[in-house]
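Asks: The file below is data20.cif, mmCIF, C-alpha atoms:
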data_my_file
loop_
_atom_site.group_PDB
_atom_site.id
_atom_site.type_symbol
_atom_site.label_atom_id
_atom_site.label_comp_id
_atom_site.auth_asym_id
_atom_site.auth_seq_id
_atom_site.Cartn_x
_atom_site.Cartn_y
_atom_site.Cartn_z
ATOM 1 C CA MET A 1 7.965 -19.697 25.268
ATOM 2 C CA ALA A 2 10.317 -16.750 25.392
ATOM 3 C CA LEU A 3 11.732 -15.781 22.023
ATOM 4 C CA PRO A 4 14.119 -13.038 20.925
ATOM 5 C CA GLN A 5 13.370 -9.719 19.371
ATOM 6 C CA PHE A 6 12.927 -9.902 15.626
ATOM 7 C CA LEU A 7 14.769 -7.501 13.361
ATOM 8 C CA PRO A 8 12.309 -6.267 10.739
ATOM 9 C CA SER A 9 13.151 -6.362 7.082
ATOM 10 C CA PRO A 10 12.998 -3.178 5.013
ATOM 11 C CA PRO A 11 9.394 -2.315 4.190
ATOM 12 C CA ALA A 12 8.070 -3.558 0.861
ATOM 13 C CA SER A 13 5.315 -1.557 -0.731
ATOM 14 C CA SER A 14 3.650 -0.550 2.519
ATOM 15 C CA SER A 15 3.949 2.915 3.976
ATOM 16 C CA LEU A 16 3.959 1.432 7.464
ATOM 17 C CA THR A 17 7.636 1.497 8.422
ATOM 18 C CA PRO A 18 8.490 -0.469 11.587
ATOM 19 C CA LYS A 19 10.399 1.631 14.116
ATOM 20 C CA HIS A 20 11.272 -1.099 16.598
ATOM 21 C CA HIS A 21 12.118 -4.785 16.718
ATOM 22 C CA LEU A 22 9.495 -7.458 16.344
ATOM 23 C CA ILE A 23 8.786 -9.479 19.435
ATOM 24 C CA PRO A 24 7.357 -12.841 18.442
ATOM 25 C CA ASN A 25 4.965 -14.710 20.692
ATOM 26 C CA TYR A 26 4.196 -18.382 20.178
ATOM 27 C CA ILE A 27 1.215 -19.272 22.343
ATOM 28 C CA THR A 28 -0.647 -22.552 22.337
ATOM 29 C CA PRO A 29 -4.385 -22.193 21.777
ATOM 30 C CA ASN A 30 -6.254 -21.508 24.986
ATOM 31 C CA ASN A 31 -9.983 -22.019 25.172
ATOM 32 C CA SER A 32 -10.406 -20.459 28.591
ATOM 33 C CA LEU A 33 -11.675 -16.941 28.941
ATOM 34 C CA SER A 34 -8.966 -14.438 29.682
ATOM 35 C CA PRO A 35 -9.209 -10.777 30.711
ATOM 36 C CA ASN A 36 -5.943 -9.958 28.939
ATOM 37 C CA PRO A 37 -6.985 -7.773 25.973
ATOM 38 C CA ARG A 38 -3.700 -8.204 24.103
ATOM 39 C CA SER A 39 -3.112 -11.961 24.250
ATOM 40 C CA ILE A 40 -3.164 -13.544 20.816
ATOM 41 C CA SER A 41 -2.763 -17.244 20.042
ATOM 42 C CA PHE A 42 -3.222 -19.143 16.821
ATOM 43 C CA THR A 43 -5.485 -22.022 15.880
ATOM 44 C CA PRO A 44 -4.023 -23.907 12.914
ATOM 45 C CA SER A 45 -6.891 -24.201 10.474
ATOM 46 C CA PRO A 46 -7.496 -23.235 6.860
ATOM 47 C CA ILE A 47 -8.729 -19.719 6.240
ATOM 48 C CA PRO A 48 -12.485 -19.910 6.769
ATOM 49 C CA LYS A 49 -14.825 -19.084 3.933
ATOM 50 C CA ARG A 50 -17.559 -16.531 4.343
ATOM 51 C CA ARG A 51 -20.803 -18.128 5.310
ATOM 52 C CA HIS A 52 -24.394 -17.085 4.817
ATOM 53 C CA ARG A 53 -25.493 -14.699 7.542
ATOM 54 C CA LYS A 54 -28.893 -14.119 8.971
ATOM 55 C CA PRO A 55 -30.228 -10.595 8.478
ATOM 56 C CA SER A 56 -29.452 -8.061 11.170
ATOM 57 C CA PRO A 57 -29.663 -4.288 11.612
ATOM 58 C CA LEU A 58 -25.865 -4.090 11.435
ATOM 59 C CA LEU A 59 -25.027 -6.373 8.562
ATOM 60 C CA ARG A 60 -26.514 -5.950 5.136
ATOM 61 C CA ARG A 61 -25.306 -7.148 1.776
ATOM 62 C CA CYS A 62 -25.756 -5.117 -1.360
ATOM 63 C CA SER A 63 -24.433 -5.287 -4.895
ATOM 64 C CA SER A 64 -21.482 -3.136 -5.806
ATOM 65 C CA SER A 65 -22.141 -1.238 -9.029
ATOM 66 C CA SER A 66 -19.269 1.239 -8.880
ATOM 67 C CA SER A 67 -16.980 -0.998 -10.941
ATOM 68 C CA LYS A 68 -17.549 -3.533 -13.689
ATOM 69 C CA ASN A 69 -14.906 -5.732 -12.120
ATOM 70 C CA ALA A 70 -16.330 -5.584 -8.594
ATOM 71 C CA ALA A 71 -17.057 -9.267 -8.087
ATOM 72 C CA ALA A 72 -17.332 -9.024 -4.294
ATOM 73 C CA ALA A 73 -20.271 -7.495 -2.513
ATOM 74 C CA VAL A 74 -20.081 -4.590 -0.097
ATOM 75 C CA GLU A 75 -21.040 -5.394 3.450
ATOM 76 C CA GLU A 76 -21.767 -3.254 6.472
ATOM 77 C CA LEU A 77 -19.669 -4.181 9.484
ATOM 78 C CA PRO A 78 -19.284 -2.774 13.026
ATOM 79 C CA LEU A 79 -15.656 -1.901 13.779
ATOM 80 C CA PHE A 80 -13.605 -2.248 16.943
ATOM 81 C CA PRO A 81 -10.337 -0.206 16.782
ATOM 82 C CA LEU A 82 -7.578 -1.761 18.901
ATOM 83 C CA PRO A 83 -3.823 -1.169 19.343
ATOM 84 C CA LEU A 84 -3.112 -4.637 17.919
ATOM 85 C CA VAL A 85 -3.470 -6.581 14.687
ATOM 86 C CA LEU A 86 -5.677 -9.656 14.331
ATOM 87 C CA PHE A 87 -4.791 -12.228 11.668
ATOM 88 C CA PRO A 88 -7.044 -14.874 10.091
ATOM 89 C CA GLY A 89 -6.902 -17.985 12.265
ATOM 90 C CA ALA A 90 -5.594 -16.175 15.355
ATOM 91 C CA ILE A 91 -7.377 -16.381 18.718
ATOM 92 C CA LEU A 92 -7.937 -13.080 20.509
ATOM 93 C CA PRO A 93 -9.210 -12.766 24.111
ATOM 94 C CA LEU A 94 -10.885 -9.420 24.811
ATOM 95 C CA GLN A 95 -12.368 -7.660 27.800
ATOM 96 C CA ILE A 96 -15.226 -5.322 26.874
ATOM 97 C CA PHE A 97 -15.913 -2.579 29.399
ATOM 98 C CA GLU A 98 -16.452 0.669 27.455
ATOM 99 C CA TYR A 99 -20.153 1.525 27.239
ATOM 100 C CA ARG A 100 -20.408 1.888 23.450
ATOM 101 C CA TYR A 101 -18.761 -1.470 22.854
ATOM 102 C CA ARG A 102 -20.968 -3.118 25.451
ATOM 103 C CA ILE A 103 -23.891 -1.868 23.324
ATOM 104 C CA MET A 104 -22.223 -3.374 20.254
ATOM 105 C CA MET A 105 -21.750 -6.728 21.984
ATOM 106 C CA HIS A 106 -25.386 -6.852 23.097
ATOM 107 C CA THR A 107 -26.397 -6.446 19.450
ATOM 108 C CA LEU A 108 -23.866 -8.926 18.079
ATOM 109 C CA LEU A 109 -24.784 -11.636 20.559
ATOM 110 C CA HIS A 110 -28.330 -11.535 19.210
ATOM 111 C CA THR A 111 -27.346 -11.359 15.537
ATOM 112 C CA ASP A 112 -24.133 -12.227 13.768
ATOM 113 C CA LEU A 113 -21.348 -12.612 16.381
ATOM 114 C CA ARG A 114 -18.898 -10.966 13.956
ATOM 115 C CA PHE A 115 -17.209 -7.564 13.964
ATOM 116 C CA GLY A 116 -14.186 -5.936 12.376
ATOM 117 C CA VAL A 117 -10.929 -5.550 14.312
ATOM 118 C CA VAL A 118 -8.858 -2.656 12.933
ATOM 119 C CA TYR A 119 -5.461 -1.492 14.137
ATOM 120 C CA SER A 120 -5.403 2.024 15.556
ATOM 121 C CA ASP A 121 -2.801 4.166 17.268
ATOM 122 C CA ALA A 122 -2.249 7.839 17.996
ATOM 123 C CA THR A 123 0.377 8.236 15.257
ATOM 124 C CA THR A 124 -1.105 6.495 12.222
ATOM 125 C CA GLY A 125 -4.790 6.644 13.142
ATOM 126 C CA THR A 126 -7.153 3.831 12.237
ATOM 127 C CA ALA A 127 -6.115 1.433 9.483
ATOM 128 C CA ASP A 128 -8.250 0.812 6.401
ATOM 129 C CA VAL A 129 -7.549 -2.937 6.389
ATOM 130 C CA GLY A 130 -8.634 -5.201 9.218
ATOM 131 C CA CYS A 131 -9.752 -8.711 10.066
ATOM 132 C CA VAL A 132 -13.146 -10.029 11.095
ATOM 133 C CA GLY A 133 -13.293 -11.351 14.646
ATOM 134 C CA GLU A 134 -15.962 -13.973 15.317
ATOM 135 C CA ILE A 135 -17.073 -14.494 18.907
ATOM 136 C CA VAL A 136 -16.606 -18.181 19.730
ATOM 137 C CA LYS A 137 -17.021 -17.915 23.501
ATOM 138 C CA HIS A 138 -18.241 -15.189 25.808
ATOM 139 C CA GLU A 139 -18.995 -14.491 29.448
ATOM 140 C CA ARG A 140 -21.150 -11.631 30.656
ATOM 141 C CA LEU A 141 -20.322 -10.303 34.110
ATOM 142 C CA VAL A 142 -22.706 -8.793 36.656
ATOM 143 C CA ASP A 143 -21.470 -5.265 35.943
ATOM 144 C CA ASP A 144 -22.287 -5.758 32.222
ATOM 145 C CA ARG A 145 -18.684 -6.210 31.165
ATOM 146 C CA PHE A 146 -17.871 -9.018 28.744
ATOM 147 C CA PHE A 147 -15.013 -11.450 28.425
ATOM 148 C CA LEU A 148 -14.756 -12.707 24.835
ATOM 149 C CA ILE A 149 -12.774 -15.254 22.886
ATOM 150 C CA CYS A 150 -12.677 -14.284 19.204
ATOM 151 C CA LYS A 151 -11.204 -16.031 16.190
ATOM 152 C CA GLY A 152 -9.834 -14.174 13.188
ATOM 153 C CA GLN A 153 -11.736 -14.806 9.965
ATOM 154 C CA GLU A 154 -11.470 -13.057 6.589
ATOM 155 C CA ARG A 155 -9.720 -9.745 5.920
ATOM 156 C CA PHE A 156 -11.509 -6.648 4.708
ATOM 157 C CA ARG A 157 -10.892 -3.134 3.465
ATOM 158 C CA VAL A 158 -12.980 -0.202 4.704
ATOM 159 C CA THR A 159 -14.549 1.636 1.778
ATOM 160 C CA LYS A 160 -16.804 4.092 3.597
ATOM 161 C CA LEU A 161 -17.771 4.982 7.148
ATOM 162 C CA VAL A 162 -21.520 4.607 7.585
ATOM 163 C CA ARG A 163 -21.692 6.053 11.080
ATOM 164 C CA THR A 164 -19.442 6.880 14.016
ATOM 165 C CA LYS A 165 -21.862 6.770 16.983
ATOM 166 C CA PRO A 166 -22.278 5.011 19.309
ATOM 167 C CA TYR A 167 -19.506 3.018 17.599
ATOM 168 C CA LEU A 168 -17.962 2.817 14.135
ATOM 169 C CA VAL A 169 -19.869 1.057 11.361
ATOM 170 C CA ALA A 170 -18.411 0.882 7.857
ATOM 171 C CA ASP A 171 -18.980 -0.531 4.395
ATOM 172 C CA VAL A 172 -16.244 -3.058 3.680
ATOM 173 C CA THR A 173 -15.071 -5.231 0.809
ATOM 174 C CA TRP A 174 -13.310 -8.551 1.284
ATOM 175 C CA LEU A 175 -9.630 -9.228 0.573
ATOM 176 C CA GLU A 176 -8.170 -12.462 -0.733
ATOM 177 C CA ASP A 177 -4.587 -13.227 -1.659
ATOM 178 C CA ARG A 178 -3.792 -13.483 -5.349
ATOM 179 C CA PRO A 179 -2.970 -17.059 -6.377
ATOM 180 C CA GLY A 180 0.713 -17.655 -6.963
ATOM 181 C CA THR A 181 2.822 -20.440 -8.423
ATOM 182 C CA GLY A 182 2.232 -23.428 -6.167
ATOM 183 C CA ASP A 183 5.780 -24.816 -6.098
ATOM 184 C CA ASP A 184 7.363 -21.413 -5.541
ATOM 185 C CA VAL A 185 5.041 -20.513 -2.669
ATOM 186 C CA GLU A 186 5.472 -23.948 -1.088
ATOM 187 C CA ALA A 187 9.247 -23.575 -1.254
ATOM 188 C CA LEU A 188 9.035 -20.139 0.366
ATOM 189 C CA ALA A 189 6.838 -21.470 3.164
ATOM 190 C CA SER A 190 9.329 -24.289 3.810
ATOM 191 C CA GLU A 191 12.222 -21.811 3.937
ATOM 192 C CA VAL A 192 10.337 -19.594 6.373
ATOM 193 C CA GLU A 193 9.649 -22.576 8.623
ATOM 194 C CA VAL A 194 13.343 -23.525 8.620
ATOM 195 C CA TYR A 195 14.326 -19.977 9.595
ATOM 196 C CA MET A 196 11.736 -19.974 12.379
ATOM 197 C CA LYS A 197 13.120 -23.227 13.789
ATOM 198 C CA ASP A 198 16.695 -21.910 13.674
ATOM 199 C CA VAL A 199 15.663 -18.707 15.415
ATOM 200 C CA MET A 200 13.851 -20.619 18.150
ATOM 201 C CA ARG A 201 16.735 -23.046 18.734
ATOM 202 C CA LEU A 202 19.338 -20.275 18.912
ATOM 203 C CA SER A 203 17.083 -18.222 21.149
ATOM 204 C CA ASN A 204 16.712 -21.131 23.560
ATOM 205 C CA ARG A 205 20.474 -21.589 23.591
ATOM 206 C CA LEU A 206 21.101 -17.914 24.354
ATOM 207 C CA ASN A 207 18.518 -17.970 27.132
ATOM 208 C CA GLY A 208 19.980 -21.110 28.662
ATOM 209 C CA LYS A 209 16.866 -23.152 28.011
ATOM 210 C CA LYS A 210 16.856 -26.793 27.096
ATOM 211 C CA GLU A 211 15.563 -27.311 23.609
ATOM 212 C CA LYS A 212 12.196 -28.983 23.450
ATOM 213 C CA GLU A 213 11.834 -30.644 20.080
ATOM 214 C CA LYS A 214 8.059 -30.569 20.270
ATOM 215 C CA GLU A 215 8.223 -26.768 20.360
ATOM 216 C CA VAL A 216 10.163 -26.528 17.105
ATOM 217 C CA GLY A 217 9.283 -29.838 15.476
ATOM 218 C CA ASP A 218 6.341 -28.940 13.242
ATOM 219 C CA LEU A 219 5.657 -25.224 13.218
ATOM 220 C CA ARG A 220 3.683 -25.351 10.009
ATOM 221 C CA ARG A 221 1.224 -28.006 11.223
ATOM 222 C CA ASN A 222 -0.023 -28.892 7.721
ATOM 223 C CA LEU A 223 -1.070 -25.323 6.995
ATOM 224 C CA TYR A 224 -1.221 -24.184 3.395
ATOM 225 C CA PRO A 225 1.157 -21.312 2.531
ATOM 226 C CA THR A 226 -1.418 -18.511 2.937
ATOM 227 C CA PRO A 227 -2.654 -19.391 6.448
ATOM 228 C CA PHE A 228 0.920 -20.245 7.408
ATOM 229 C CA SER A 229 2.009 -16.752 6.366
ATOM 230 C CA PHE A 230 -0.706 -15.339 8.640
ATOM 231 C CA PHE A 231 0.518 -17.552 11.487
ATOM 232 C CA VAL A 232 4.055 -16.229 11.050
ATOM 233 C CA GLY A 233 2.778 -12.652 11.060
ATOM 234 C CA SER A 234 0.800 -13.289 14.242
ATOM 235 C CA THR A 235 4.032 -14.211 16.057
ATOM 236 C CA PHE A 236 5.600 -10.804 15.370
ATOM 237 C CA GLU A 237 3.991 -9.381 18.475
ATOM 238 C CA GLY A 238 5.363 -6.075 19.704
ATOM 239 C CA ALA A 239 5.521 -4.367 16.303
ATOM 240 C CA PRO A 240 1.910 -3.881 15.220
ATOM 241 C CA ARG A 241 2.800 -1.578 12.324
ATOM 242 C CA GLU A 242 4.885 -4.317 10.753
ATOM 243 C CA GLN A 243 2.066 -6.771 11.401
ATOM 244 C CA GLN A 244 -0.366 -4.359 9.769
ATOM 245 C CA ALA A 245 1.877 -4.132 6.711
ATOM 246 C CA LEU A 246 1.871 -7.937 6.470
ATOM 247 C CA LEU A 247 -1.899 -8.084 6.894
ATOM 248 C CA GLU A 248 -2.427 -5.602 4.070
ATOM 249 C CA LEU A 249 -0.377 -7.535 1.515
ATOM 250 C CA GLU A 250 -2.541 -9.365 -1.014
ATOM 251 C CA ASP A 251 0.095 -11.774 -2.259
ATOM 252 C CA THR A 252 1.154 -14.793 -0.197
ATOM 253 C CA ALA A 253 4.582 -15.000 -1.836
ATOM 254 C CA VAL A 254 5.342 -11.342 -1.118
ATOM 255 C CA ARG A 255 4.251 -11.781 2.507
ATOM 256 C CA LEU A 256 6.412 -14.881 2.959
ATOM 257 C CA LYS A 257 9.417 -13.148 1.374
ATOM 258 C CA ARG A 258 9.099 -10.245 3.791
ATOM 259 C CA GLU A 259 8.802 -12.624 6.736
ATOM 260 C CA LYS A 260 11.769 -14.635 5.481
ATOM 261 C CA GLU A 261 13.903 -11.485 5.369
ATOM 262 C CA THR A 262 12.821 -10.558 8.890
ATOM 263 C CA LEU A 263 13.689 -14.016 10.188
ATOM 264 C CA ARG A 264 17.039 -13.990 8.375
ATOM 265 C CA ASN A 265 17.948 -10.626 9.930
ATOM 266 C CA THR A 266 16.955 -11.965 13.328
ATOM 267 C CA LEU A 267 19.024 -15.113 12.875
ATOM 268 C CA ASN A 268 22.087 -13.054 11.908
ATOM 269 C CA TYR A 269 21.618 -10.904 14.995
ATOM 270 C CA LEU A 270 21.263 -13.950 17.258
ATOM 271 C CA THR A 271 24.304 -15.618 15.701
ATOM 272 C CA ALA A 272 26.415 -12.536 16.468
ATOM 273 C CA ALA A 273 25.015 -12.355 19.994
ATOM 274 C CA SER A 274 25.823 -16.044 20.503
ATOM 275 C CA ALA A 275 29.410 -15.520 19.325
ATOM 276 C CA VAL A 276 29.855 -12.628 21.770
ATOM 277 C CA LYS A 277 28.448 -14.744 24.574
ATOM 278 C CA ASP A 278 30.921 -17.541 23.775
ATOM 279 C CA VAL A 279 33.850 -15.115 23.892
ATOM 280 C CA PHE A 280 32.617 -13.273 26.983
ATOM 281 C CA PRO A 281 30.645 -15.827 28.982
ATOM 282 C CA SER A 282 28.588 -14.589 31.906
ATOM 283 C CA PRO A 283 30.182 -15.213 35.302
#
Translate the structure described by the file into structure tokens.
Replies:
Amino acid sequence: MALPQFLPSPPASSSLTPKHHLIPNYITPNNSLSPNPRSISFTPSPIPKRRHRKPSPLLRRCSSSSSKNAAAAVEELPLFPLPLVLFPGAILPLQIFEYRYRIMMHTLLHTDLRFGVVYSDATTGTADVGCVGEIVKHERLVDDRFFLICKGQERFRVTKLVRTKPYLVADVTWLEDRPGTGDDVEALASEVEVYMKDVMRLSNRLNGKKEKEKEVGDLRRNLYPTPFSFFVGSTFEGAPREQQALLELEDTAVRLKREKETLRNTLNYLTAASAVKDVFPSP
């Protein structure tokens, strides 16, 4: 489904300032293996809880004694820097061909199946906050390349690099959104969904496409506000710095407010574009 460019809202507390429009991408979940390393879809499911892991050379759990309030443990996690942002619940196809990451995959396939996806680009470097990708399907080719289907799990913050060769391994702590007022967050989520539907309908009209009610009927799909906010962020494809800013927020209400402002700006832009098209119709 082709959708318009999104106009980002002014940055909140993040230092990641978007420099271009947001290009959303609504993709239905696809269970087939795909060599496209930047295709992201979303599986509507509650944010998964961390499960018990079997011991492995890469993943070890230890108590954090640096702070009296450190309730979460520190865990060692292999990292995969990519020029994209993975959100909890999102589906990410990957092609693994670089030698060091082939080594990493060989290890993961015999141990935990989980690694950290962190956004990285030449300007901002590698982000400190990322999302765990769990391998749910894989195919190994004869030349030792891998096609993977990964699903986004919990978010983490890098606290210390453990090693850099042959690939990055870091100590991480887990991130969870702060609980907010239920009614307020629910109302925000409903408003965001309404804006998304309006944007999609107006976009279809501008592109001369017949509206398909099933495409805009139930965008939320019974998701709670937090996973819904991650779903919305995953559609802002084309502006990874804005997506990274959304991923780093630890408050569902703040994330939804930022997304609401982005959608409102986009709707205003599309409304103006529609008015111009009505006055100056294409021949």
Asks: Could you tell me how far atom CA of A:Pro78 lies from atom CA of A:Gly130, in Å and to one decimal?
Replies: 11.6 Å
Asks: Would you compute the distance between atom CA of A:Asp171 and atom CA of A:Ser234? Give it in Å to one decimal.
Replies: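 For atom CA of A:Asp171 relative to atom CA of A:Ser234, the distance reads 25.5 Å.
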Asks: With only C-alpha atoms as the atoms that count, which of A:Asp177, A:Arg258, A:Lys210, A:Pro81 lies nearest to A:Ala122?
Replies: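 Among the listed residues, the smallest separation from A:Ala122 belongs to A:Pro81.
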Asks: Return the single residue from A:Ala239, A:Ala253, A:Ile91, A:Leu202 that is closest to A:Ala275, with distances computed using all atoms listed in the file.
Replies: A:Leu202
Asks: Could you check which of A:Asp198, A:Asp278, A:Glu139, A:Glu259 is closest to A:Gly233, using all atoms listed in the file?
Replies: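 Nearest to A:Gly233: A:Glu259.
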Asks: Quick one: distance from atom CA of A:Thr271 to atom CA of A:Gly208 in Å, one decimal?
Replies: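 Separation of atom CA of A:Thr271 and atom CA of A:Gly208: 14.7 Å.
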Asks: Name the residues that the PyMOL selection byres ((chain A and resi 250) around 8) picks from the file above, as JSON, numbers by chain, using the file's chain letters and numbers.
Replies: {"A": [175, 176, 177, 178, 248, 249, 251, 252]}
Asks: Could you please take those selected residues and save C-alpha atoms as a PDB file, keeping the file's coordinate frame?
Replies:
ATOM      1  CA  LEU A 175      -9.630  -9.228   0.573  1.00  0.00           C
ATOM      2  CA  GLU A 176      -8.170 -12.462  -0.733  1.00  0.00           C
ATOM      3  CA  ASP A 177      -4.587 -13.227  -1.659  1.00  0.00           C
ATOM      4  CA  ARG A 178      -3.792 -13.483  -5.349  1.00  0.00           C
ATOM      5  CA  GLU A 248      -2.427  -5.602   4.070  1.00  0.00           C
ATOM      6  CA  LEU A 249      -0.377  -7.535   1.515  1.00  0.00           C
ATOM      7  CA  ASP A 251       0.095 -11.774  -2.259  1.00  0.00           C
ATOM      8  CA  THR A 252       1.154 -14.793  -0.197  1.00  0.00           C
TER       9      THR A 252
END
Asks: Evaluate the PyMOL selection byres ((chain A and resi 232) around 9) here and jot the selected residues down as a PyMOL selection string.
Replies: chain A and resi 24+192-193+196+227-231+233-236+256+259
Asks: Next, the residues of the selection above should be written as a tab-separated table (two decimals), in the frame of the given file with C-alpha atoms.
Replies:
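Result went into again-v7.tsv, see below:
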chain	number	residue	atom	x	y	z
A	24	PRO	CA	7.36	-12.84	18.44
A	192	VAL	CA	10.34	-19.59	6.37
A	193	GLU	CA	9.65	-22.58	8.62
A	196	MET	CA	11.74	-19.97	12.38
A	227	PRO	CA	-2.65	-19.39	6.45
A	228	PHE	CA	0.92	-20.24	7.41
A	229	SER	CA	2.01	-16.75	6.37
A	230	PHE	CA	-0.71	-15.34	8.64
A	231	PHE	CA	0.52	-17.55	11.49
A	233	GLY	CA	2.78	-12.65	11.06
A	234	SER	CA	0.80	-13.29	14.24
A	235	THR	CA	4.03	-14.21	16.06
A	236	PHE	CA	5.60	-10.80	15.37
A	256	LEU	CA	6.41	-14.88	2.96
A	259	GLU	CA	8.80	-12.62	6.74
Asks: Counting all atoms listed in the file, which of A:Ile135, A:Leu219, A:Val254, A:Val172 gets nearest to A:Val194?
Replies: A:Leu219
Asks: Using only C-alpha atoms for the distances, tell me which of A:Val136, A:Leu188, A:Leu92, A:Val276 is nearest to A:Lys257.
Replies: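 Looking only at the distances to A:Lys257, the closest residue turns out to be A:Leu188.
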Asks: Could you tell me which of A:Glu154, A:His110, A:Asp128, A:Arg140 comes closest to A:Ala90 if we count only C-alpha atoms?
Replies: A:Glu154
Asks: Assuming the chain letters and numbering stay as they are in my file, what does the PyMOL selection byres ((chain A and resi 162) around 12) actually select? List them as an NGL selection string.
Replies: :A and (58-60 or 75-79 or 158-161 or 163-172)
Asks: Around the point (-5.3, -4.7, 20.1) (coordinates from the file), which residues reach within 12 Å if we count only C-alpha atoms? Answer as a short mmCIF file (atom, residue, chain, number, x, y, z; two decimals) with C-alpha atoms, in the frame of the given file.
Replies:
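Saved the output as out.cif:
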data_model
loop_
_atom_site.label_atom_id
_atom_site.label_comp_id
_atom_site.auth_asym_id
_atom_site.auth_seq_id
_atom_site.Cartn_x
_atom_site.Cartn_y
_atom_site.Cartn_z
CA ASN A 36 -5.94 -9.96 28.94
CA PRO A 37 -6.98 -7.77 25.97
CA ARG A 38 -3.70 -8.20 24.10
CA SER A 39 -3.11 -11.96 24.25
CA ILE A 40 -3.16 -13.54 20.82
CA PHE A 80 -13.60 -2.25 16.94
CA PRO A 81 -10.34 -0.21 16.78
CA LEU A 82 -7.58 -1.76 18.90
CA PRO A 83 -3.82 -1.17 19.34
CA LEU A 84 -3.11 -4.64 17.92
CA VAL A 85 -3.47 -6.58 14.69
CA LEU A 86 -5.68 -9.66 14.33
CA PHE A 87 -4.79 -12.23 11.67
CA ILE A 91 -7.38 -16.38 18.72
CA LEU A 92 -7.94 -13.08 20.51
CA PRO A 93 -9.21 -12.77 24.11
CA LEU A 94 -10.88 -9.42 24.81
CA GLN A 95 -12.37 -7.66 27.80
CA GLY A 116 -14.19 -5.94 12.38
CA VAL A 117 -10.93 -5.55 14.31
CA VAL A 118 -8.86 -2.66 12.93
CA TYR A 119 -5.46 -1.49 14.14
CA SER A 120 -5.40 2.02 15.56
CA ASP A 121 -2.80 4.17 17.27
CA THR A 126 -7.15 3.83 12.24
CA GLY A 130 -8.63 -5.20 9.22
CA CYS A 131 -9.75 -8.71 10.07
CA GLY A 133 -13.29 -11.35 14.65
CA GLU A 237 3.99 -9.38 18.48
CA GLY A 238 5.36 -6.08 19.70
CA ALA A 239 5.52 -4.37 16.30
CA PRO A 240 1.91 -3.88 15.22
CA ARG A 241 2.80 -1.58 12.32
CA GLN A 243 2.07 -6.77 11.40
CA GLN A 244 -0.37 -4.36 9.77
#
